[in-house]
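**Q** Let me give you the structure first, and then I'll get to my questions.
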Amino acid sequence: MIDDTEAATQDAVPQGTQTLARGLQIVSAVAHGSTSLKTIVESTGIGRSSAHRMIQLLVQMGYLRHGSPGEFRLGPTLIEFGFTALNQDPLPVVARESLEALAERTQDTIHLSVEDGESVLYLHKIPGTRGAEMRSRIGHRMPMSRTGVGKALLLGQDDRWERLFVAENPGADSAASEAFIKRMQGYTREGASLDLEENEPGIRCVAAPIRDGSGQIVAGISLSATRPYMPKDRMQALVPVMKAAAKEISVKLGYRQG
């Protein structure tokens, strides 16, 4: 018997592809913390027997693997595909030299990120050589409105600012929303953005957008450090540094504006 959730899943995909969709649901569920058969069934709505059969196939093909007794983890096939996906994306390759030079110059943590599904997706990270280690990692997602690089990705897109801020900051009042919009207007004029511990206590960040040949923002770079290494005067001094590094990468992607 198919429950309402499973029926809804079937209706959401083209006929004949339900099995593929369910398998992808299971992989996604494990990636987001549903690691036992019980929790996978609960999070996906797939029947227990169907889920069990699909999990066994996914384990056999390397998309999942056995973890602790009765639990599952993402498998080696996904690790292999993940590195292949990164290598097929020219952005990290094009940006690497500039990012390494920036990291060597500043000793701080450097991130290269893109927007994906209205969230920040980290593509590359160079850890800093001083201060605390950042919790971010490649493949990690973060909110747009609370991260420096997320704001850099949103520069000039004033039609999205209020909606994203409200969605990512439940409970925030209209004054907070108006303050965010005002900050974004200033960041857009400056061509760079800041994170004053809005996302992670004690961590500050300066970020700038990367543009392609059409002038569109396609990525962002950020420099992060703990508060003792990132006083506000240093943050302001780093703005032209980050803008220059972002422009250097943008030019490699075909950007030609002065």
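Here, A, B, ... name the chains of the structure tokens in the order displayed, residue numbers run from 1 inside each chain, and ligands are numbered from 1 in the same displayed order.
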So that I can see what lies close to stretch 216-221 of chain A, please list as a PyMOL selection string the residues with an atom at most 10 Å from it, counting only C-alpha atoms and leaving out residues fewer than 4 positions away in the same chain.
**A** chain A and resi 91+95+99+110-115+120-125+148-156+192+206-212+242-243+245-246+249-250+253+255
**Q** Find the spatial neighbours of stretch 61-63 of chain A, counting only C-alpha atoms, within a cut-off of 8 Å - ignore same-chain residues fewer than 4 positions away - and output them as a PyMOL selection string.
**A** chain A and resi 27+57+74-78
**Q** Give the helix (DSSP H, G or I) residues of stretch 108-252 of chain A, as DSSP finds them on the backbone, and put them as an MDAnalysis selection string.
**A** chainID A and resid 148:153 158:168 174:190 227:229 232:252
**Q** Given only C-alpha atoms as the basis, pick out the residue of A:Gln25, A:Thr19, A:Thr84, A:Thr129 nearest to A:Glu104.
**A**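 The closest residue to A:Glu104 is A:Thr129.
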